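So this one's data.txt, compact mmCIF, N, CA and C atoms:
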# COMPACT_ATOMS: atom_id res chain seq x y z
N GLU G 1 166.23 -22.13 -2.05
CA GLU G 1 166.82 -21.32 -3.11
C GLU G 1 167.47 -22.23 -4.15
N VAL G 2 167.11 -22.01 -5.39
CA VAL G 2 167.70 -22.79 -6.47
C VAL G 2 169.13 -22.34 -6.70
N GLN G 3 170.04 -23.30 -6.73
CA GLN G 3 171.43 -23.00 -7.06
C GLN G 3 171.89 -23.94 -8.17
N LEU G 4 172.57 -23.36 -9.15
CA LEU G 4 173.09 -24.11 -10.28
C LEU G 4 174.51 -23.65 -10.52
N VAL G 5 175.45 -24.58 -10.49
CA VAL G 5 176.85 -24.23 -10.65
C VAL G 5 177.42 -25.01 -11.82
N GLU G 6 177.69 -24.29 -12.90
CA GLU G 6 178.26 -24.90 -14.10
C GLU G 6 179.78 -24.82 -14.05
N SER G 7 180.44 -25.83 -14.62
CA SER G 7 181.89 -25.84 -14.67
C SER G 7 182.35 -26.71 -15.84
N GLY G 8 183.65 -26.64 -16.13
CA GLY G 8 184.22 -27.49 -17.15
C GLY G 8 184.55 -26.80 -18.47
N GLY G 9 184.19 -25.55 -18.59
CA GLY G 9 184.50 -24.83 -19.82
C GLY G 9 185.98 -24.55 -19.96
N GLY G 10 186.36 -24.00 -21.10
CA GLY G 10 187.75 -23.67 -21.33
C GLY G 10 187.98 -23.27 -22.77
N VAL G 11 189.24 -23.17 -23.13
CA VAL G 11 189.64 -22.83 -24.50
C VAL G 11 190.17 -24.10 -25.16
N VAL G 12 189.59 -24.44 -26.29
CA VAL G 12 190.02 -25.64 -27.02
C VAL G 12 190.17 -25.32 -28.49
N GLN G 13 190.94 -26.14 -29.17
CA GLN G 13 191.10 -25.98 -30.62
C GLN G 13 189.92 -26.64 -31.33
N PRO G 14 189.64 -26.21 -32.56
CA PRO G 14 188.60 -26.88 -33.34
C PRO G 14 188.85 -28.39 -33.40
N GLY G 15 187.77 -29.14 -33.21
CA GLY G 15 187.88 -30.59 -33.17
C GLY G 15 188.06 -31.14 -31.78
N GLY G 16 188.28 -30.27 -30.81
CA GLY G 16 188.52 -30.70 -29.45
C GLY G 16 187.25 -31.07 -28.69
N SER G 17 187.44 -31.43 -27.43
CA SER G 17 186.33 -31.89 -26.59
C SER G 17 186.39 -31.24 -25.21
N LEU G 18 185.23 -31.15 -24.59
CA LEU G 18 185.11 -30.68 -23.22
C LEU G 18 183.96 -31.41 -22.55
N LEU G 19 184.04 -31.56 -21.23
CA LEU G 19 182.94 -32.13 -20.46
C LEU G 19 182.45 -31.06 -19.49
N LEU G 20 181.24 -30.60 -19.68
CA LEU G 20 180.63 -29.62 -18.80
C LEU G 20 179.83 -30.34 -17.71
N SER G 21 179.84 -29.75 -16.51
CA SER G 21 179.07 -30.28 -15.39
C SER G 21 178.22 -29.18 -14.79
N CYS G 22 177.13 -29.58 -14.20
CA CYS G 22 176.26 -28.63 -13.51
C CYS G 22 175.73 -29.30 -12.24
N VAL G 23 176.09 -28.74 -11.11
CA VAL G 23 175.60 -29.25 -9.83
C VAL G 23 174.41 -28.41 -9.40
N ALA G 24 173.30 -29.07 -9.10
CA ALA G 24 172.06 -28.37 -8.78
C ALA G 24 171.62 -28.62 -7.35
N SER G 25 170.93 -27.66 -6.78
CA SER G 25 170.35 -27.80 -5.44
C SER G 25 169.19 -26.84 -5.29
N GLY G 26 168.37 -27.10 -4.26
CA GLY G 26 167.29 -26.18 -3.95
C GLY G 26 165.97 -26.46 -4.65
N PHE G 27 165.89 -27.57 -5.38
CA PHE G 27 164.65 -27.97 -6.03
C PHE G 27 164.70 -29.49 -6.24
N GLY G 28 163.63 -30.05 -6.69
CA GLY G 28 163.53 -31.49 -6.88
C GLY G 28 164.27 -31.97 -8.12
N PHE G 29 165.58 -31.99 -8.05
CA PHE G 29 166.39 -32.34 -9.22
C PHE G 29 165.98 -33.68 -9.79
N LYS G 30 165.79 -34.68 -8.94
CA LYS G 30 165.52 -36.04 -9.41
C LYS G 30 164.20 -36.14 -10.16
N ASP G 31 163.32 -35.17 -9.97
CA ASP G 31 162.01 -35.19 -10.62
C ASP G 31 161.90 -34.20 -11.76
N SER G 32 163.01 -33.59 -12.12
CA SER G 32 162.99 -32.50 -13.09
C SER G 32 163.71 -32.82 -14.38
N TRP G 33 163.09 -32.42 -15.50
CA TRP G 33 163.87 -32.33 -16.72
C TRP G 33 164.97 -31.30 -16.47
N MET G 34 166.09 -31.49 -17.14
CA MET G 34 167.17 -30.51 -17.07
C MET G 34 167.57 -30.11 -18.49
N TYR G 35 167.98 -28.86 -18.63
CA TYR G 35 168.29 -28.29 -19.93
C TYR G 35 169.67 -27.65 -19.92
N TRP G 36 170.34 -27.73 -21.05
CA TRP G 36 171.56 -26.95 -21.29
C TRP G 36 171.22 -25.90 -22.35
N PHE G 37 171.66 -24.66 -22.07
CA PHE G 37 171.51 -23.56 -22.99
C PHE G 37 172.89 -22.98 -23.27
N ARG G 38 172.95 -22.15 -24.30
CA ARG G 38 174.17 -21.38 -24.53
C ARG G 38 173.80 -20.02 -25.09
N GLN G 39 174.71 -19.08 -24.89
CA GLN G 39 174.51 -17.74 -25.40
C GLN G 39 175.85 -17.17 -25.84
N ALA G 40 175.92 -16.85 -27.10
CA ALA G 40 177.12 -16.22 -27.66
C ALA G 40 176.95 -14.71 -27.58
N PRO G 41 178.04 -13.96 -27.58
CA PRO G 41 177.95 -12.50 -27.50
C PRO G 41 177.06 -11.93 -28.60
N GLY G 42 176.12 -11.10 -28.22
CA GLY G 42 175.25 -10.46 -29.19
C GLY G 42 174.13 -11.34 -29.72
N LYS G 43 174.02 -12.56 -29.21
CA LYS G 43 172.99 -13.48 -29.69
C LYS G 43 172.04 -13.86 -28.55
N GLU G 44 170.91 -14.41 -28.93
CA GLU G 44 169.93 -14.83 -27.94
C GLU G 44 170.31 -16.15 -27.30
N LEU G 45 169.71 -16.38 -26.15
CA LEU G 45 169.89 -17.66 -25.47
C LEU G 45 169.26 -18.76 -26.33
N GLU G 46 169.99 -19.86 -26.52
CA GLU G 46 169.43 -20.95 -27.32
C GLU G 46 169.58 -22.26 -26.58
N LYS G 47 168.55 -23.08 -26.70
CA LYS G 47 168.55 -24.36 -26.03
C LYS G 47 169.39 -25.35 -26.82
N VAL G 48 170.25 -26.05 -26.12
CA VAL G 48 171.18 -26.98 -26.75
C VAL G 48 170.68 -28.41 -26.61
N SER G 49 170.28 -28.77 -25.39
CA SER G 49 169.93 -30.16 -25.14
C SER G 49 169.07 -30.25 -23.89
N SER G 50 168.36 -31.37 -23.75
CA SER G 50 167.55 -31.60 -22.57
C SER G 50 167.55 -33.08 -22.23
N ILE G 51 167.25 -33.37 -20.96
CA ILE G 51 167.23 -34.76 -20.51
C ILE G 51 166.12 -34.94 -19.49
N ALA G 52 165.39 -36.05 -19.62
CA ALA G 52 164.30 -36.34 -18.71
C ALA G 52 164.81 -36.67 -17.31
N SER G 53 163.91 -36.63 -16.35
CA SER G 53 164.31 -36.88 -14.97
C SER G 53 164.94 -38.26 -14.79
N SER G 54 164.45 -39.23 -15.56
CA SER G 54 164.99 -40.59 -15.46
C SER G 54 166.31 -40.75 -16.20
N GLY G 55 166.60 -39.80 -17.07
CA GLY G 55 167.80 -39.90 -17.89
C GLY G 55 167.59 -40.65 -19.19
N VAL G 56 166.39 -41.15 -19.40
CA VAL G 56 166.14 -41.95 -20.60
C VAL G 56 165.83 -41.06 -21.80
N GLY G 57 164.92 -40.11 -21.63
CA GLY G 57 164.57 -39.22 -22.74
C GLY G 57 165.60 -38.12 -22.90
N LYS G 58 166.09 -37.94 -24.13
CA LYS G 58 167.08 -36.91 -24.40
C LYS G 58 166.73 -36.22 -25.71
N ASN G 59 167.00 -34.92 -25.77
CA ASN G 59 166.78 -34.15 -26.99
C ASN G 59 167.98 -33.27 -27.27
N TYR G 60 168.23 -33.04 -28.56
CA TYR G 60 169.34 -32.20 -28.97
C TYR G 60 168.88 -31.27 -30.08
N ASP G 61 169.39 -30.04 -30.04
CA ASP G 61 169.11 -29.17 -31.17
C ASP G 61 169.93 -29.66 -32.35
N HIS G 62 169.46 -29.30 -33.56
CA HIS G 62 170.07 -29.88 -34.77
C HIS G 62 171.53 -29.52 -34.92
N PHE G 63 171.93 -28.37 -34.39
CA PHE G 63 173.31 -27.93 -34.62
C PHE G 63 174.31 -28.65 -33.70
N VAL G 64 173.83 -29.47 -32.76
CA VAL G 64 174.76 -30.21 -31.91
C VAL G 64 174.54 -31.71 -31.96
N ARG G 65 173.47 -32.10 -32.63
CA ARG G 65 173.14 -33.53 -32.66
C ARG G 65 174.28 -34.33 -33.28
N GLY G 66 174.66 -35.39 -32.59
CA GLY G 66 175.76 -36.23 -33.07
C GLY G 66 177.12 -35.81 -32.55
N ARG G 67 177.19 -34.61 -31.96
CA ARG G 67 178.47 -34.13 -31.42
C ARG G 67 178.42 -33.98 -29.91
N PHE G 68 177.28 -33.63 -29.36
CA PHE G 68 177.14 -33.42 -27.92
C PHE G 68 176.32 -34.56 -27.32
N THR G 69 176.62 -34.89 -26.07
CA THR G 69 175.87 -35.92 -25.36
C THR G 69 175.52 -35.43 -23.96
N ILE G 70 174.25 -35.49 -23.63
CA ILE G 70 173.78 -35.08 -22.30
C ILE G 70 173.59 -36.32 -21.44
N SER G 71 173.88 -36.17 -20.15
CA SER G 71 173.67 -37.26 -19.20
C SER G 71 173.46 -36.67 -17.82
N ARG G 72 173.09 -37.50 -16.87
CA ARG G 72 172.87 -37.00 -15.51
C ARG G 72 173.16 -38.10 -14.50
N ASN G 73 173.47 -37.67 -13.28
CA ASN G 73 173.65 -38.57 -12.15
C ASN G 73 172.76 -38.03 -11.04
N ASN G 74 171.62 -38.64 -10.84
CA ASN G 74 170.66 -38.14 -9.86
C ASN G 74 171.18 -38.29 -8.42
N ALA G 75 172.05 -39.24 -8.18
CA ALA G 75 172.63 -39.41 -6.85
C ALA G 75 173.54 -38.23 -6.49
N LYS G 76 174.07 -37.57 -7.52
CA LYS G 76 174.97 -36.43 -7.30
C LYS G 76 174.33 -35.09 -7.67
N ASN G 77 173.04 -35.11 -8.02
CA ASN G 77 172.35 -33.88 -8.44
C ASN G 77 173.15 -33.14 -9.51
N THR G 78 173.65 -33.89 -10.46
CA THR G 78 174.54 -33.32 -11.47
C THR G 78 174.08 -33.71 -12.87
N VAL G 79 174.13 -32.74 -13.76
CA VAL G 79 173.86 -32.99 -15.17
C VAL G 79 175.12 -32.63 -15.95
N TYR G 80 175.39 -33.40 -17.00
CA TYR G 80 176.62 -33.25 -17.77
C TYR G 80 176.30 -32.95 -19.23
N LEU G 81 177.26 -32.35 -19.90
CA LEU G 81 177.17 -32.18 -21.35
C LEU G 81 178.56 -32.43 -21.92
N GLN G 82 178.69 -33.54 -22.64
CA GLN G 82 179.94 -33.87 -23.31
C GLN G 82 179.93 -33.20 -24.67
N LEU G 83 180.92 -32.36 -24.91
CA LEU G 83 181.04 -31.63 -26.16
C LEU G 83 182.19 -32.23 -26.97
N ASN G 84 181.89 -32.76 -28.14
CA ASN G 84 182.91 -33.31 -29.03
C ASN G 84 182.89 -32.59 -30.37
N ARG G 85 183.99 -32.73 -31.08
CA ARG G 85 184.12 -32.13 -32.42
C ARG G 85 183.68 -30.66 -32.40
N LEU G 86 184.23 -29.94 -31.47
CA LEU G 86 183.86 -28.54 -31.31
C LEU G 86 184.34 -27.71 -32.49
N ASN G 87 183.57 -26.69 -32.82
CA ASN G 87 183.96 -25.75 -33.87
C ASN G 87 183.74 -24.33 -33.35
N PRO G 88 184.29 -23.34 -34.03
CA PRO G 88 184.20 -21.96 -33.52
C PRO G 88 182.77 -21.48 -33.27
N ASP G 89 181.80 -22.01 -34.00
CA ASP G 89 180.41 -21.61 -33.78
C ASP G 89 179.87 -22.07 -32.43
N ASP G 90 180.57 -22.97 -31.78
CA ASP G 90 180.15 -23.44 -30.46
C ASP G 90 180.62 -22.52 -29.34
N THR G 91 181.41 -21.52 -29.67
CA THR G 91 181.88 -20.57 -28.66
C THR G 91 180.71 -19.82 -28.05
N ALA G 92 180.58 -19.91 -26.72
CA ALA G 92 179.45 -19.32 -26.01
C ALA G 92 179.61 -19.55 -24.52
N MET G 93 178.76 -18.86 -23.75
CA MET G 93 178.61 -19.20 -22.34
C MET G 93 177.54 -20.28 -22.26
N TYR G 94 177.82 -21.34 -21.54
CA TYR G 94 176.91 -22.47 -21.42
C TYR G 94 176.28 -22.48 -20.02
N TYR G 95 174.96 -22.70 -19.99
CA TYR G 95 174.20 -22.69 -18.75
C TYR G 95 173.35 -23.94 -18.64
N CYS G 96 173.10 -24.37 -17.40
CA CYS G 96 172.10 -25.41 -17.18
C CYS G 96 170.90 -24.78 -16.48
N SER G 97 169.76 -25.42 -16.63
CA SER G 97 168.54 -24.87 -16.06
C SER G 97 167.50 -25.97 -15.90
N PRO G 98 166.64 -25.86 -14.90
CA PRO G 98 165.52 -26.79 -14.78
C PRO G 98 164.28 -26.27 -15.53
N ASP G 99 164.43 -25.14 -16.20
CA ASP G 99 163.31 -24.48 -16.86
C ASP G 99 163.41 -24.58 -18.37
N LEU G 100 162.27 -24.85 -19.01
CA LEU G 100 162.25 -24.93 -20.48
C LEU G 100 162.67 -23.63 -21.12
N ASN G 101 162.42 -22.53 -20.46
CA ASN G 101 162.82 -21.23 -21.02
C ASN G 101 164.14 -20.73 -20.45
N GLY G 102 164.79 -21.54 -19.63
CA GLY G 102 166.09 -21.16 -19.09
C GLY G 102 166.04 -20.04 -18.07
N ARG G 103 164.88 -19.80 -17.50
CA ARG G 103 164.74 -18.65 -16.61
C ARG G 103 165.69 -18.72 -15.42
N ARG G 104 165.74 -19.87 -14.81
CA ARG G 104 166.66 -20.02 -13.67
C ARG G 104 167.91 -20.74 -14.16
N ARG G 105 169.03 -20.10 -14.01
CA ARG G 105 170.28 -20.71 -14.45
C ARG G 105 171.42 -20.15 -13.62
N GLY G 106 172.56 -20.81 -13.70
CA GLY G 106 173.70 -20.37 -12.94
C GLY G 106 174.48 -19.28 -13.65
N ARG G 107 175.72 -19.10 -13.25
CA ARG G 107 176.57 -18.07 -13.85
C ARG G 107 177.15 -18.52 -15.19
N GLY G 108 177.07 -19.81 -15.44
CA GLY G 108 177.55 -20.33 -16.70
C GLY G 108 179.02 -20.70 -16.69
N THR G 109 179.42 -21.39 -17.74
CA THR G 109 180.82 -21.73 -17.95
C THR G 109 181.16 -21.43 -19.39
N GLN G 110 182.26 -20.72 -19.61
CA GLN G 110 182.62 -20.23 -20.94
C GLN G 110 183.34 -21.31 -21.75
N VAL G 111 182.86 -21.51 -22.96
CA VAL G 111 183.51 -22.39 -23.91
C VAL G 111 184.00 -21.54 -25.08
N THR G 112 185.29 -21.62 -25.35
CA THR G 112 185.88 -20.87 -26.46
C THR G 112 186.61 -21.85 -27.37
N VAL G 113 186.22 -21.85 -28.63
CA VAL G 113 186.85 -22.74 -29.61
C VAL G 113 187.63 -21.87 -30.59
N SER G 114 188.93 -22.02 -30.54
CA SER G 114 189.77 -21.15 -31.36
C SER G 114 191.09 -21.83 -31.64
N SER G 115 191.61 -21.59 -32.85
CA SER G 115 192.92 -22.11 -33.19
C SER G 115 194.00 -21.08 -32.88

Rewrite the coordinates I just gave you, this time as structure tokens.
Amino acid sequence: EVQLVESGGGVVQPGGSLLLSCVASGFGFKDSWMYWFRQAPGKELEKVSSIASSGVGKNYDHFVRGRFTISRNNAKNTVYLQLNRLNPDDTAMYYCSPDLNGRRRGRGTQVTVSS
């Protein structure tokens, strides 16, 4: 059974930072691309970033490029997303997934950016 547990969200002021973590189990994490998605209320799920199984290949959507950094630790079956220079538009539930379409994901971790 695939299990994905996201954590690290919270309430921050504009310009602040957060480090999100996702612990994965139940599939070949070390051989899988991993993806971070987010979904704001009333909006569709959108892909934020992805990382290759080796950790070398990384991709970012244009609205987070230069502010967010994805990384992974295959020894810990964990993928991370460092969020910097947050703004209110980044407010959303954040999910990790081994699927390009985000089909399998955890319960998410809420990020709220507000002054």

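Using all atoms listed in the file, the smallest distance between any of G:Val23, G:Ser115, G:Lys47, G:Val64 and Lys76 (chain G) comes from G:Val23.
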
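For the pair CA of Thr112 (chain G) and CA of Gly10 (chain G), the interatomic distance is 6.1 Å.
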
* Asked: Which one is closest to Leu100 (chain G): G:Leu86, G:Val56, G:Leu4, G:Met34? Count all atoms listed in the file.
  -> G:Met34

* When you draw a straight line from CA of Arg104 (chain G) to CA of Ser53 (chain G), how long is it in Å? ->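 Separating CA of Arg104 (chain G) from CA of Ser53 (chain G) is a distance of 17.1 Å.
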
* For CA of Pro88 (chain G) and CA of Leu18 (chain G), quote the distance in Å rounded to one decimal. => 13.5 Å

* Selection as a list of chain:residue names: residues within 10 Å of (166.0, -31.5, -14.8), counting only C-alpha atoms ->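 Returned residue set, sorted by chain then number, is G:Ala24, G:Phe27, G:Gly28, G:Phe29, G:Lys30, G:Asp31, G:Ser32, G:Trp33, G:Met34, G:Tyr35, G:Trp36, G:Ser50, G:Ile51, G:Ala52, G:Ser53, G:Ser54, G:Gly55, G:Arg72, G:Asn74, G:Asn77, G:Thr78, G:Val79, G:Cys96, G:Ser97, G:Pro98, G:Asp99, G:Leu100.
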
* What residues in chain G get the DSSP label strand (DSSP E)? Please answer as an MDAnalysis selection string. -> chainID G and resid 3:7 10:12 18:25 34:39 46:51 58:60 68:73 78:83 92:97 109:113

* Could you name the residues that touch Lys43 (chain G) at 12 Å or less, counting only C-alpha atoms, but leaving out those on the same chain fewer than 5 positions away, as a count of residues only? -> 5

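Residue nearest Arg107 (chain G), chosen from G:Gln82, G:Gln3, G:Ser17, G:Ser25 and counting all atoms listed in the file: G:Gln3.
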
* Asked: Running DSSP on the backbone, which parts of chain G land in helix (DSSP H, G or I), as a list in words?
  ->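 So the helix (DSSP H, G or I) residues in chain G would be Phe29, Lys30, Asp31, Asn74, Ala75, Lys76, Pro88, Asp89 and Asp90 of chain G.
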
* Determine the nearest neighbour of Leu19 (chain G) from the options G:Asn59, G:Asn84, G:Ser114, G:Gln39, counting all atoms listed in the file. =>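 Nearest to Leu19 (chain G): G:Asn84.
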